[in-house]
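Since the structure comes first, as structure tokens, the remarks are kept for the end.
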Amino acid sequence: MKTAISLPDDLFADADRLARAQRKSRSQLYSDALREYVARHAPDEVTKLLDDVCAEIGGEIDGLTSAAARRTLERTEW
């Protein structure tokens, strides 16, 4: 999909230099950057991916690991 956006001149220049350095189009650079931004700011997606990893490696946690995790959480300021 094509779209138009407004960017500050300095950001445009930085992005243009980076695109040339990485030998990709500005469109590809912007697309990659936006994809990464969305992935980093979508907590439900992060949770889903972590759940998938946990399901893949198995859910059994031994007592030592559980106790260590509990001690760590108790010392952590939330």
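Labels for the structure tokens follow display order: chains A, B, ..., residues from 1 in each chain, ligands from 1.
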
Would you return as an NGL selection string the members of chain A that DSSP assigns to alpha helix (DSSP H) on this structure's backbone? :A and (9-21 or 26-40 or 43-57 or 63-75)

Atomic distance atom CA of Pro8 of chain A - atom CA of Val38 of chain A, expressed in Å with one decimal: 20.8 Å
